[in-house]
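Undergrad: Could you have a look at this structure, given as structure tokens, before my questions?
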Amino acid sequence: ALAREPNQPAVMDTMAVILAQQGKHEEAFGLWDKVIKASPDNPTYQLHQAEALLGAKRNAEAKALLEKMLERKPNEALTKAVKELLART
């Protein structure tokens, strides 16, 4: 999918999640940088990145990203997900 649609944020996000699950965090973070630049207002991508940051033991970065997400006053479901991740930082 990435080869066919290399610039689609949803495809890159999915690939980044897979890479992070495989422990390839730096490669995943490189993709998320592109994804978030392409779709800066999509909180799902940021949430995925925060989860991976926690998985990579980069808690301070995850906390900063999550706190920034809360400043945008997300919907109730996203607020709950963000707060659950913040509790892990």
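Labels for the structure tokens follow display order: chains A, B, ..., residues from 1 in each chain, ligands from 1.
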Among the residues of chain A, find those DSSP assigns to alpha helix (DSSP H) from the backbone and print them as a PyMOL selection string.
TA: chain A and resi 9-21+25-38+43-55+59-71+76-86
Undergrad: Would you list the contacts of Glu61 in chain A as a PyMOL selection string, taking every protein, DNA or RNA residue within 12 Å and counting only C-alpha atoms, but skipping same-chain residues closer than 2 positions in sequence?
TA: chain A and resi 29+46+49-59+63-68+86+89
Undergrad: Taking N, CA, C and O atoms for each residue, export the selection above as a short mmCIF file (atom, residue, chain, number, x, y, z; two decimals), in the first residue's frame.
TA:
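After the write, out22.cif holds the following:
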```
data_model
loop_
_atom_site.label_atom_id
_atom_site.label_comp_id
_atom_site.auth_asym_id
_atom_site.auth_seq_id
_atom_site.Cartn_x
_atom_site.Cartn_y
_atom_site.Cartn_z
N PHE A 29 8.85 7.03 13.62
CA PHE A 29 8.76 8.46 13.94
C PHE A 29 9.04 9.32 12.71
O PHE A 29 8.45 10.38 12.54
N GLN A 46 -1.60 11.82 15.84
CA GLN A 46 -0.82 12.27 17.00
C GLN A 46 -0.95 11.29 18.15
O GLN A 46 0.01 11.03 18.88
N GLN A 49 1.26 8.39 17.47
CA GLN A 49 2.65 8.74 17.72
C GLN A 49 2.94 8.77 19.22
O GLN A 49 3.98 8.29 19.66
N ALA A 50 2.02 9.31 20.00
CA ALA A 50 2.22 9.36 21.45
C ALA A 50 2.31 7.96 22.05
O ALA A 50 3.15 7.70 22.92
N GLU A 51 1.48 7.06 21.56
CA GLU A 51 1.53 5.67 22.04
C GLU A 51 2.90 5.05 21.74
O GLU A 51 3.48 4.37 22.58
N ALA A 52 3.41 5.32 20.55
CA ALA A 52 4.72 4.78 20.17
C ALA A 52 5.84 5.43 20.98
O ALA A 52 6.81 4.76 21.35
N LEU A 53 5.72 6.72 21.25
CA LEU A 53 6.72 7.37 22.09
C LEU A 53 6.78 6.72 23.46
O LEU A 53 7.87 6.48 23.99
N LEU A 54 5.62 6.40 24.01
CA LEU A 54 5.60 5.70 25.30
C LEU A 54 6.25 4.33 25.18
O LEU A 54 7.02 3.91 26.06
N GLY A 55 5.96 3.63 24.09
CA GLY A 55 6.55 2.31 23.87
C GLY A 55 8.05 2.36 23.72
O GLY A 55 8.75 1.41 24.07
N ALA A 56 8.56 3.49 23.25
CA ALA A 56 10.00 3.68 23.07
C ALA A 56 10.64 4.31 24.31
O ALA A 56 11.80 4.70 24.28
N LYS A 57 9.88 4.41 25.38
CA LYS A 57 10.36 4.99 26.65
C LYS A 57 10.75 6.45 26.51
O LYS A 57 11.60 6.96 27.23
N ARG A 58 10.07 7.15 25.60
CA ARG A 58 10.31 8.58 25.41
C ARG A 58 9.13 9.34 26.04
O ARG A 58 8.39 10.05 25.38
N ASN A 59 8.99 9.12 27.35
CA ASN A 59 7.82 9.60 28.07
C ASN A 59 7.68 11.11 28.08
O ASN A 59 6.56 11.62 27.98
N LYS A 63 4.42 12.97 26.77
CA LYS A 63 3.65 13.86 27.66
C LYS A 63 3.44 15.22 27.02
O LYS A 63 2.33 15.76 27.04
N ALA A 64 4.48 15.78 26.42
CA ALA A 64 4.37 17.09 25.78
C ALA A 64 3.36 17.05 24.63
O ALA A 64 2.53 17.96 24.50
N LEU A 65 3.42 16.00 23.83
CA LEU A 65 2.49 15.86 22.70
C LEU A 65 1.06 15.72 23.20
O LEU A 65 0.14 16.37 22.70
N LEU A 66 0.86 14.89 24.21
CA LEU A 66 -0.48 14.67 24.75
C LEU A 66 -1.06 15.93 25.39
O LEU A 66 -2.25 16.24 25.21
N GLU A 67 -0.24 16.66 26.12
CA GLU A 67 -0.71 17.91 26.74
C GLU A 67 -1.09 18.92 25.66
O GLU A 67 -2.08 19.64 25.80
N LYS A 68 -0.31 18.96 24.58
CA LYS A 68 -0.64 19.86 23.48
C LYS A 68 -1.97 19.46 22.83
O LYS A 68 -2.78 20.31 22.46
N LEU A 86 -1.70 9.83 29.19
CA LEU A 86 -0.99 10.72 30.10
C LEU A 86 -0.73 10.04 31.44
O LEU A 86 0.32 10.26 32.06
N THR A 89 2.58 8.34 31.59
CA THR A 89 3.83 9.08 31.42
C THR A 89 4.50 9.32 32.76
O THR A 89 3.93 9.23 33.79
#
```
Undergrad: Quick one: everything within 10 Å of Asp41 in chain A, counting only C-alpha atoms, minus sequence neighbours fewer than 5 positions away in the same chain. Send it as a PyMOL selection string.
TA: chain A and resi 36+46+69+72
Undergrad: For those residues, write N, CA, C and O atoms to a file as an mmCIF file, in the first residue's frame.
TA:
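Generated output (result_5.cif):
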```cif
data_model
loop_
_atom_site.group_PDB
_atom_site.id
_atom_site.type_symbol
_atom_site.label_atom_id
_atom_site.label_comp_id
_atom_site.auth_asym_id
_atom_site.auth_seq_id
_atom_site.Cartn_x
_atom_site.Cartn_y
_atom_site.Cartn_z
ATOM 1 N N ILE A 36 2.058 13.957 10.151
ATOM 2 C CA ILE A 36 1.523 15.081 10.927
ATOM 3 C C ILE A 36 1.725 16.400 10.186
ATOM 4 O O ILE A 36 0.876 17.286 10.272
ATOM 5 N N GLN A 46 -1.596 11.825 15.839
ATOM 6 C CA GLN A 46 -0.818 12.268 16.996
ATOM 7 C C GLN A 46 -0.952 11.289 18.152
ATOM 8 O O GLN A 46 0.012 11.026 18.876
ATOM 9 N N MET A 69 -2.211 18.165 22.753
ATOM 10 C CA MET A 69 -3.477 17.690 22.194
ATOM 11 C C MET A 69 -4.654 18.137 23.056
ATOM 12 O O MET A 69 -5.702 18.524 22.540
ATOM 13 N N ARG A 72 -6.139 21.619 22.585
ATOM 14 C CA ARG A 72 -7.018 21.825 21.430
ATOM 15 C C ARG A 72 -8.466 21.461 21.725
ATOM 16 O O ARG A 72 -9.307 21.499 20.838
#
```
Undergrad: Which residue, A:Asn7, A:Gln21, A:Thr14, A:Asn75, has the smallest gap to Lys34 in chain A when you use only C-alpha atoms?
TA: A:Asn7
Undergrad: For Ala10 in chain A, find every residue with an atom within 9 Å (counting only C-alpha atoms), except residues of its own chain fewer than 5 positions away, and show them as a PyMOL selection string.
TA: chain A and resi 15+35+45
Undergrad: When distances are computed from only C-alpha atoms, which of A:Pro43, A:Lys37, A:Ala87, A:His48 shows the smallest separation from Leu19 in chain A?
TA: A:His48
Undergrad: Can you tell me how far CA of Asp33 in chain A sits from CA of Met12 in chain A, in Å to one decimal?
TA: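 Between these atoms lies a distance of 10.0 Å.
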Undergrad: CA of Thr44 in chain A and CA of Ala81 in chain A, how far apart in Å?
TA: 10.2 Å
